[in-house]
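Below is the file protein-v5.txt, which contains compact mmCIF, C-alpha atoms.
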# COMPACT_ATOMS: atom_id res chain seq x y z
CA MET A 1 0.00 0.00 0.00
CA THR A 2 1.03 3.57 -0.54
CA PRO A 3 0.50 6.79 1.43
CA LEU A 4 -0.07 8.55 -1.89
CA GLY A 5 -3.55 9.75 -2.74
CA THR A 6 -5.98 7.96 -5.01
CA THR A 7 -7.93 10.33 -7.21
CA PRO A 8 -10.51 9.89 -9.97
CA ARG A 9 -9.97 10.61 -13.65
CA PRO A 10 -9.27 14.29 -14.39
CA PRO A 11 -10.47 16.92 -14.34
CA TYR A 12 -10.53 17.39 -10.58
CA PHE A 13 -8.99 20.07 -8.40
CA ALA A 14 -5.97 20.42 -6.12
CA VAL A 15 -4.99 22.85 -3.40
CA VAL A 16 -1.21 23.11 -3.19
CA PHE A 17 -0.19 24.63 0.14
CA THR A 18 3.55 25.22 0.55
CA SER A 19 4.79 26.70 3.80
CA LEU A 20 7.76 27.54 5.96
CA ARG A 21 7.21 26.92 9.66
CA ALA A 22 8.10 29.50 12.27
CA GLU A 23 9.97 27.66 15.01
CA ASP A 24 7.21 28.13 17.52
CA ASP A 25 4.46 26.18 19.29
CA GLU A 26 5.19 22.72 17.91
CA GLU A 27 2.50 21.12 20.07
CA GLY A 28 -0.31 23.54 19.16
CA TYR A 29 0.64 23.38 15.50
CA GLY A 30 0.71 19.59 15.43
CA ALA A 31 -2.70 19.28 17.07
CA ALA A 32 -4.25 21.83 14.70
CA ALA A 33 -2.68 20.22 11.61
CA GLU A 34 -4.03 16.81 12.61
CA ARG A 35 -7.49 18.25 13.32
CA MET A 36 -7.56 20.02 9.92
CA LEU A 37 -6.72 16.78 8.07
CA GLU A 38 -9.57 15.08 9.92
CA LEU A 39 -12.00 17.93 9.26
CA ALA A 40 -11.05 18.24 5.56
CA ALA A 41 -11.62 14.51 5.07
CA ALA A 42 -15.20 14.97 6.29
CA GLN A 43 -16.02 17.75 3.79
CA PRO A 44 -18.21 17.14 0.73
CA GLY A 45 -16.17 16.70 -2.44
CA TYR A 46 -12.92 15.73 -0.66
CA PHE A 47 -10.83 13.13 -2.52
CA GLY A 48 -7.64 12.86 -0.45
CA VAL A 49 -4.44 14.50 0.73
CA GLU A 50 -0.67 14.11 0.46
CA SER A 51 1.48 15.94 2.98
CA VAL A 52 5.19 16.16 3.86
CA ARG A 53 7.25 18.37 6.13
CA GLY A 54 11.02 18.29 5.88
CA ALA A 55 13.66 18.76 8.57
CA ASP A 56 14.32 22.27 7.22
CA GLY A 57 10.78 23.44 8.12
CA VAL A 58 9.47 23.51 4.54
CA GLY A 59 6.16 21.70 4.13
CA ILE A 60 3.95 20.83 1.18
CA THR A 61 0.36 19.65 1.54
CA VAL A 62 -1.72 18.86 -1.53
CA SER A 63 -5.42 18.15 -1.07
CA TYR A 64 -7.70 16.93 -3.87
CA TRP A 65 -11.29 18.00 -4.48
CA GLU A 66 -14.22 17.45 -6.77
CA SER A 67 -14.83 21.10 -7.60
CA LEU A 68 -13.78 24.70 -6.99
CA GLU A 69 -16.99 25.07 -4.99
CA ALA A 70 -15.95 22.26 -2.59
CA ILE A 71 -12.61 24.08 -2.09
CA ARG A 72 -14.37 27.39 -1.50
CA LEU A 73 -16.58 25.85 1.20
CA TRP A 74 -13.62 24.20 2.91
CA ARG A 75 -11.61 27.42 2.93
CA ARG A 76 -14.56 29.20 4.58
CA HIS A 77 -15.32 26.51 7.16
CA LEU A 78 -15.46 28.41 10.47
CA GLU A 79 -13.04 26.18 12.39
CA HIS A 80 -10.65 26.23 9.42
CA VAL A 81 -10.79 30.02 9.19
CA ALA A 82 -9.86 30.31 12.88
CA VAL A 83 -6.86 28.00 12.32
CA GLN A 84 -5.79 29.98 9.23
CA GLU A 85 -5.59 33.08 11.44
CA GLN A 86 -3.44 31.28 14.00
CA GLY A 87 -1.23 30.06 11.15
CA ARG A 88 -0.46 33.61 10.07
CA ALA A 89 -0.10 34.82 13.67
CA LYS A 90 2.38 32.22 14.90
CA TRP A 91 2.91 28.98 12.98
CA TYR A 92 4.13 30.05 9.55
CA SER A 93 6.82 32.53 8.59
CA SER A 94 5.52 32.34 5.01
CA TYR A 95 3.22 30.30 2.81
CA ARG A 96 1.81 30.04 -0.72
CA LEU A 97 -1.61 28.65 -1.54
CA ARG A 98 -2.41 27.66 -5.12
CA VAL A 99 -5.77 26.37 -6.30
CA CYS A 100 -5.40 24.23 -9.41
CA ARG A 101 -7.36 22.27 -11.94
CA VAL A 102 -5.72 18.90 -12.63
CA GLU A 103 -5.58 18.54 -16.41
CA TYR A 104 -4.03 15.08 -16.65
CA ASP A 105 -2.18 12.67 -14.43
CA ASN A 106 -0.42 9.37 -14.32
CA ALA A 107 0.63 6.90 -11.67
CA PHE A 108 3.30 4.28 -11.11
CA ALA A 109 2.44 1.39 -8.76
CA MET B 1 14.00 35.14 2.40
CA THR B 2 11.94 32.08 1.78
CA PRO B 3 12.63 28.78 -0.01
CA LEU B 4 9.09 28.99 -1.41
CA GLY B 5 8.63 29.66 -5.10
CA THR B 6 7.81 33.00 -6.61
CA THR B 7 5.37 32.72 -9.48
CA PRO B 8 3.61 35.24 -11.74
CA ARG B 9 -0.10 36.02 -11.72
CA PRO B 10 -2.27 33.06 -12.72
CA PRO B 11 -2.95 31.32 -14.92
CA TYR B 12 0.29 29.35 -15.01
CA PHE B 13 0.92 25.61 -14.67
CA ALA B 14 2.18 23.24 -12.01
CA VAL B 15 3.51 19.69 -12.04
CA VAL B 16 2.77 17.98 -8.73
CA PHE B 17 4.99 14.93 -8.33
CA THR B 18 4.32 12.86 -5.20
CA SER B 19 6.42 9.79 -4.57
CA LEU B 20 7.42 7.09 -2.17
CA ARG B 21 11.10 6.21 -2.24
CA ALA B 22 12.31 2.64 -2.44
CA GLU B 23 15.05 2.24 0.15
CA ASP B 24 17.75 1.85 -2.42
CA ASP B 25 20.68 3.71 -3.99
CA GLU B 26 20.56 6.89 -1.90
CA GLU B 27 23.67 8.28 -3.55
CA GLY B 28 22.58 7.72 -7.15
CA TYR B 29 19.12 9.06 -6.40
CA GLY B 30 20.46 12.21 -4.70
CA ALA B 31 22.80 13.01 -7.57
CA ALA B 32 20.06 12.50 -10.17
CA ALA B 33 17.54 14.57 -8.19
CA GLU B 34 20.00 17.45 -7.91
CA ARG B 35 20.84 17.25 -11.61
CA MET B 36 17.15 17.26 -12.59
CA LEU B 37 16.50 20.41 -10.51
CA GLU B 38 19.42 22.09 -12.26
CA LEU B 39 18.31 20.92 -15.70
CA ALA B 40 14.65 21.89 -15.14
CA ALA B 41 15.72 25.38 -14.09
CA ALA B 42 17.43 25.82 -17.45
CA GLN B 43 14.32 24.91 -19.50
CA PRO B 44 12.28 27.54 -21.35
CA GLY B 45 9.12 28.49 -19.47
CA TYR B 46 10.37 27.32 -16.04
CA PHE B 47 9.21 29.48 -13.12
CA GLY B 48 10.48 27.63 -10.03
CA VAL B 49 10.22 24.59 -7.79
CA GLU B 50 9.30 23.63 -4.24
CA SER B 51 10.41 20.24 -2.97
CA VAL B 52 10.30 18.31 0.31
CA ARG B 53 11.07 14.75 1.33
CA GLY B 54 10.07 13.52 4.75
CA ALA B 55 11.74 10.99 7.03
CA ASP B 56 9.07 8.42 6.06
CA GLY B 57 10.21 8.40 2.41
CA VAL B 58 7.24 10.36 1.05
CA GLY B 59 8.28 13.27 -1.16
CA ILE B 60 6.43 16.07 -2.91
CA THR B 61 7.97 18.22 -5.63
CA VAL B 62 5.96 20.96 -7.31
CA SER B 63 7.46 22.73 -10.31
CA TYR B 64 5.89 25.78 -11.98
CA TRP B 65 5.73 26.50 -15.69
CA GLU B 66 4.51 29.03 -18.20
CA SER B 67 2.54 26.59 -20.37
CA LEU B 68 1.53 22.98 -20.94
CA GLU B 69 3.91 23.00 -23.90
CA ALA B 70 6.87 23.90 -21.66
CA ILE B 71 5.92 20.96 -19.40
CA ARG B 72 5.61 18.63 -22.38
CA LEU B 73 9.10 19.55 -23.59
CA TRP B 74 10.61 19.08 -20.13
CA ARG B 75 8.98 15.67 -19.72
CA ARG B 76 10.46 14.60 -23.07
CA HIS B 77 13.96 15.99 -22.47
CA LEU B 78 16.28 13.06 -23.28
CA GLU B 79 18.30 13.17 -20.05
CA HIS B 80 15.07 13.52 -18.06
CA VAL B 81 13.48 10.54 -19.83
CA ALA B 82 16.51 8.37 -18.94
CA VAL B 83 16.19 9.41 -15.28
CA GLN B 84 12.44 8.69 -15.29
CA GLU B 85 13.25 5.13 -16.35
CA GLN B 86 15.76 4.72 -13.52
CA GLY B 87 13.14 6.13 -11.13
CA ARG B 88 10.68 3.37 -12.01
CA ALA B 89 13.39 0.71 -12.04
CA LYS B 90 14.94 1.40 -8.64
CA TRP B 91 14.28 4.70 -6.85
CA TYR B 92 10.51 4.81 -6.36
CA SER B 93 8.16 2.20 -5.05
CA SER B 94 5.28 4.38 -6.29
CA TYR B 95 4.54 7.85 -7.59
CA ARG B 96 1.76 10.10 -8.88
CA LEU B 97 2.29 12.87 -11.42
CA ARG B 98 -0.39 15.51 -11.87
CA VAL B 99 -0.23 18.32 -14.39
CA CYS B 100 -2.33 21.29 -13.28
CA ARG B 101 -3.46 24.72 -14.30
CA VAL B 102 -3.18 27.18 -11.40
CA GLU B 103 -6.49 29.05 -11.29
CA TYR B 104 -5.76 31.42 -8.42
CA ASP B 105 -3.27 31.76 -5.61
CA ASN B 106 -2.32 33.79 -2.60
CA ALA B 107 0.74 34.29 -0.48
CA PHE B 108 1.63 35.21 3.08
CA ALA B 109 5.00 36.90 3.68
Take the structure in the file and write it out as structure tokens.
Amino acid sequence: MTPLGTTPRPPYFAVVFTSLRAEDDEEGYGAAAERMLELAAAQPGYFGVESVRGADGVGITVSYWESLEAIRLWRRHLEHVAVQEQGRAKWYSSYRLRVCRVEYDNAFA
Amino acid sequence: MTPLGTTPRPPYFAVVFTSLRAEDDEEGYGAAAERMLELAAAQPGYFGVESVRGADGVGITVSYWESLEAIRLWRRHLEHVAVQEQGRAKWYSSYRLRVCRVEYDNAFA
């Protein structure tokens, strides 16, 4: 088995979130990150997630969705919005968020 | 400064490559990965890259491009094609490659 996401045939949508952690509040950050993965997975139109954080503090999380509307609703989820504010206030020194339409894909194993 | 990519206003394109490393040939893999980053950066229409590999062997690399045509040319670059074959033969136990159009984005810091 693989920790990589399984997604349907394109087109579908991806949110690419790349970030650099501030070295602060590891415990609070970890709990919030785990809760957000759990909450995202319960949203309508959610297909899956792939997430990595390296030793240098750079992280990339890609979540997959059925539609731009599903992404819009997730980004505006009240608990998520509160966590986004904490992210800017203390957990991230910088981030980029890119909302994408997956045009084509392929997989190995 | 940030290790995160700087990209122009959308639309532009992203290649999201998520992979699980086979525990094999660390040295050969590292050299090839470094060479591919260098070679990609020299391609026409290349905008940047963000890349992380975690301790669990899962890696995510996102590269940014001006057009689908620029991505097509990079995927068919002869040296890159040879490395792709080695990747399937020994470096990855699985991977997913998704070619995306970035619809909108935002940045913090």
Could you please tell me, as a list in words, which residues of chain B have an atom within 6 Å of chain A when using all atoms listed in the file?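 Result, ordered by chain then number: Val52, Arg53, Gly54, Ser94, Tyr95, Arg96, Leu97, Arg98, Val99, Cys100, Arg101, Val102, Glu103, Tyr104, Asp105, Asn106, Ala107, Phe108 and Ala109 of chain B.
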Could you write out that same residue set with C-alpha atoms as an mmCIF file, in the frame of the given file?
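Written file, selection_11.cif:
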data_model
loop_
_atom_site.group_PDB
_atom_site.id
_atom_site.type_symbol
_atom_site.label_atom_id
_atom_site.label_comp_id
_atom_site.auth_asym_id
_atom_site.auth_seq_id
_atom_site.Cartn_x
_atom_site.Cartn_y
_atom_site.Cartn_z
ATOM 1 C CA VAL B 52 10.300 18.310 0.310
ATOM 2 C CA ARG B 53 11.070 14.750 1.330
ATOM 3 C CA GLY B 54 10.070 13.520 4.750
ATOM 4 C CA SER B 94 5.280 4.380 -6.290
ATOM 5 C CA TYR B 95 4.540 7.850 -7.590
ATOM 6 C CA ARG B 96 1.760 10.100 -8.880
ATOM 7 C CA LEU B 97 2.290 12.870 -11.420
ATOM 8 C CA ARG B 98 -0.390 15.510 -11.870
ATOM 9 C CA VAL B 99 -0.230 18.320 -14.390
ATOM 10 C CA CYS B 100 -2.330 21.290 -13.280
ATOM 11 C CA ARG B 101 -3.460 24.720 -14.300
ATOM 12 C CA VAL B 102 -3.180 27.180 -11.400
ATOM 13 C CA GLU B 103 -6.490 29.050 -11.290
ATOM 14 C CA TYR B 104 -5.760 31.420 -8.420
ATOM 15 C CA ASP B 105 -3.270 31.760 -5.610
ATOM 16 C CA ASN B 106 -2.320 33.790 -2.600
ATOM 17 C CA ALA B 107 0.740 34.290 -0.480
ATOM 18 C CA PHE B 108 1.630 35.210 3.080
ATOM 19 C CA ALA B 109 5.000 36.900 3.680
#
Chain B on chain A, least-squares, complete ordered Cα pairing, as an mmCIF file with C-alpha atoms, in the frame of the given file:
data_model
loop_
_atom_site.group_PDB
_atom_site.id
_atom_site.type_symbol
_atom_site.label_atom_id
_atom_site.label_comp_id
_atom_site.auth_asym_id
_atom_site.auth_seq_id
_atom_site.Cartn_x
_atom_site.Cartn_y
_atom_site.Cartn_z
ATOM 1 C CA MET B 1 -0.002 0.036 0.052
ATOM 2 C CA THR B 2 1.029 3.586 -0.520
ATOM 3 C CA PRO B 3 0.490 6.815 1.442
ATOM 4 C CA LEU B 4 -0.073 8.558 -1.903
ATOM 5 C CA GLY B 5 -3.549 9.763 -2.764
ATOM 6 C CA THR B 6 -5.972 7.967 -5.002
ATOM 7 C CA THR B 7 -7.920 10.336 -7.207
ATOM 8 C CA PRO B 8 -10.508 9.886 -9.974
ATOM 9 C CA ARG B 9 -9.964 10.612 -13.655
ATOM 10 C CA PRO B 10 -9.288 14.284 -14.385
ATOM 11 C CA PRO B 11 -10.476 16.914 -14.346
ATOM 12 C CA TYR B 12 -10.538 17.372 -10.582
ATOM 13 C CA PHE B 13 -8.979 20.071 -8.393
ATOM 14 C CA ALA B 14 -5.976 20.411 -6.125
ATOM 15 C CA VAL B 15 -4.976 22.852 -3.403
ATOM 16 C CA VAL B 16 -1.192 23.112 -3.194
ATOM 17 C CA PHE B 17 -0.185 24.627 0.135
ATOM 18 C CA THR B 18 3.554 25.234 0.554
ATOM 19 C CA SER B 19 4.802 26.711 3.793
ATOM 20 C CA LEU B 20 7.751 27.531 5.958
ATOM 21 C CA ARG B 21 7.205 26.920 9.652
ATOM 22 C CA ALA B 22 8.086 29.496 12.268
ATOM 23 C CA GLU B 23 9.968 27.695 15.023
ATOM 24 C CA ASP B 24 7.202 28.119 17.515
ATOM 25 C CA ASP B 25 4.450 26.175 19.293
ATOM 26 C CA GLU B 26 5.179 22.704 17.910
ATOM 27 C CA GLU B 27 2.490 21.114 20.048
ATOM 28 C CA GLY B 28 -0.309 23.527 19.150
ATOM 29 C CA TYR B 29 0.630 23.386 15.486
ATOM 30 C CA GLY B 30 0.698 19.565 15.416
ATOM 31 C CA ALA B 31 -2.703 19.271 17.060
ATOM 32 C CA ALA B 32 -4.255 21.825 14.695
ATOM 33 C CA ALA B 33 -2.685 20.206 11.618
ATOM 34 C CA GLU B 34 -4.044 16.802 12.614
ATOM 35 C CA ARG B 35 -7.492 18.245 13.298
ATOM 36 C CA MET B 36 -7.568 20.027 9.922
ATOM 37 C CA LEU B 37 -6.720 16.782 8.074
ATOM 38 C CA GLU B 38 -9.565 15.067 9.912
ATOM 39 C CA LEU B 39 -11.988 17.921 9.264
ATOM 40 C CA ALA B 40 -11.039 18.240 5.570
ATOM 41 C CA ALA B 41 -11.625 14.519 5.083
ATOM 42 C CA ALA B 42 -15.195 14.966 6.292
ATOM 43 C CA GLN B 43 -16.022 17.750 3.788
ATOM 44 C CA PRO B 44 -18.219 17.137 0.740
ATOM 45 C CA GLY B 45 -16.182 16.720 -2.438
ATOM 46 C CA TYR B 46 -12.928 15.745 -0.661
ATOM 47 C CA PHE B 47 -10.843 13.143 -2.509
ATOM 48 C CA GLY B 48 -7.647 12.866 -0.436
ATOM 49 C CA VAL B 49 -4.440 14.502 0.731
ATOM 50 C CA GLU B 50 -0.679 14.108 0.466
ATOM 51 C CA SER B 51 1.483 15.941 2.977
ATOM 52 C CA VAL B 52 5.183 16.161 3.847
ATOM 53 C CA ARG B 53 7.257 18.367 6.114
ATOM 54 C CA GLY B 54 11.019 18.281 5.887
ATOM 55 C CA ALA B 55 13.648 18.764 8.577
ATOM 56 C CA ASP B 56 14.316 22.287 7.230
ATOM 57 C CA GLY B 57 10.781 23.449 8.110
ATOM 58 C CA VAL B 58 9.479 23.522 4.530
ATOM 59 C CA GLY B 59 6.175 21.691 4.125
ATOM 60 C CA ILE B 60 3.962 20.825 1.178
ATOM 61 C CA THR B 61 0.371 19.652 1.528
ATOM 62 C CA VAL B 62 -1.721 18.865 -1.534
ATOM 63 C CA SER B 63 -5.414 18.141 -1.069
ATOM 64 C CA TYR B 64 -7.709 16.930 -3.867
ATOM 65 C CA TRP B 65 -11.288 17.992 -4.480
ATOM 66 C CA GLU B 66 -14.224 17.440 -6.774
ATOM 67 C CA SER B 67 -14.840 21.113 -7.598
ATOM 68 C CA LEU B 68 -13.790 24.704 -6.984
ATOM 69 C CA GLU B 69 -16.991 25.076 -4.973
ATOM 70 C CA ALA B 70 -15.956 22.274 -2.592
ATOM 71 C CA ILE B 71 -12.616 24.076 -2.090
ATOM 72 C CA ARG B 72 -14.369 27.389 -1.498
ATOM 73 C CA LEU B 73 -16.570 25.857 1.203
ATOM 74 C CA TRP B 74 -13.607 24.197 2.916
ATOM 75 C CA ARG B 75 -11.611 27.432 2.927
ATOM 76 C CA ARG B 76 -14.560 29.203 4.577
ATOM 77 C CA HIS B 77 -15.305 26.503 7.164
ATOM 78 C CA LEU B 78 -15.456 28.402 10.480
ATOM 79 C CA GLU B 79 -13.028 26.173 12.394
ATOM 80 C CA HIS B 80 -10.653 26.229 9.416
ATOM 81 C CA VAL B 81 -10.792 30.032 9.184
ATOM 82 C CA ALA B 82 -9.849 30.312 12.887
ATOM 83 C CA VAL B 83 -6.864 28.001 12.310
ATOM 84 C CA GLN B 84 -5.781 29.990 9.235
ATOM 85 C CA GLU B 85 -5.592 33.075 11.448
ATOM 86 C CA GLN B 86 -3.439 31.265 14.011
ATOM 87 C CA GLY B 87 -1.231 30.050 11.145
ATOM 88 C CA ARG B 88 -0.458 33.613 10.072
ATOM 89 C CA ALA B 89 -0.092 34.809 13.657
ATOM 90 C CA LYS B 90 2.377 32.205 14.906
ATOM 91 C CA TRP B 91 2.910 28.964 12.971
ATOM 92 C CA TYR B 92 4.140 30.062 9.544
ATOM 93 C CA SER B 93 6.808 32.520 8.600
ATOM 94 C CA SER B 94 5.513 32.327 5.013
ATOM 95 C CA TYR B 95 3.213 30.304 2.800
ATOM 96 C CA ARG B 96 1.824 30.038 -0.729
ATOM 97 C CA LEU B 97 -1.613 28.653 -1.549
ATOM 98 C CA ARG B 98 -2.411 27.667 -5.120
ATOM 99 C CA VAL B 99 -5.764 26.378 -6.290
ATOM 100 C CA CYS B 100 -5.405 24.236 -9.411
ATOM 101 C CA ARG B 101 -7.351 22.270 -11.947
ATOM 102 C CA VAL B 102 -5.712 18.895 -12.625
ATOM 103 C CA GLU B 103 -5.580 18.536 -16.410
ATOM 104 C CA TYR B 104 -4.033 15.081 -16.645
ATOM 105 C CA ASP B 105 -2.173 12.670 -14.423
ATOM 106 C CA ASN B 106 -0.422 9.352 -14.308
ATOM 107 C CA ALA B 107 0.632 6.894 -11.670
ATOM 108 C CA PHE B 108 3.305 4.277 -11.109
ATOM 109 C CA ALA B 109 2.477 1.377 -8.768
#
Any idea what the distance is between CA of Leu37 (chain A) and CA of Tyr64 (chain B)?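 These atoms are spaced 25.3 Å apart.
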Excluding Gly45 (chain B) and any residue of its chain fewer than 2 positions from it, enumerate the residues within 8 Å of it, using only C-alpha atoms, and give them as an mmCIF file with C-alpha atoms, in the coordinates of the input.
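To be explicit, this is the file written out as selection_3.cif:
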data_model
loop_
_atom_site.group_PDB
_atom_site.id
_atom_site.type_symbol
_atom_site.label_atom_id
_atom_site.label_comp_id
_atom_site.auth_asym_id
_atom_site.auth_seq_id
_atom_site.Cartn_x
_atom_site.Cartn_y
_atom_site.Cartn_z
ATOM 1 C CA GLN B 43 14.320 24.910 -19.500
ATOM 2 C CA PHE B 47 9.210 29.480 -13.120
ATOM 3 C CA TRP B 65 5.730 26.500 -15.690
ATOM 4 C CA GLU B 66 4.510 29.030 -18.200
ATOM 5 C CA SER B 67 2.540 26.590 -20.370
ATOM 6 C CA ALA B 70 6.870 23.900 -21.660
#
Considering all atoms listed in the file, state which residue in the set B:Lys90, B:His80, B:Arg9, B:Arg72 is at the smallest distance from Pro44 (chain B).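 Of the candidates, the smallest distance to Pro44 (chain B) is held by B:Arg72.
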Residue nearest Ala42 (chain A) among A:Pro8, A:Trp74, A:Glu23, A:Val81 (counting all atoms listed in the file): A:Trp74
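Atom pair CA of Ile71 (chain B) / CA of Tyr46 (chain B) has a distance of 8.5 Å (rounded to one decimal).
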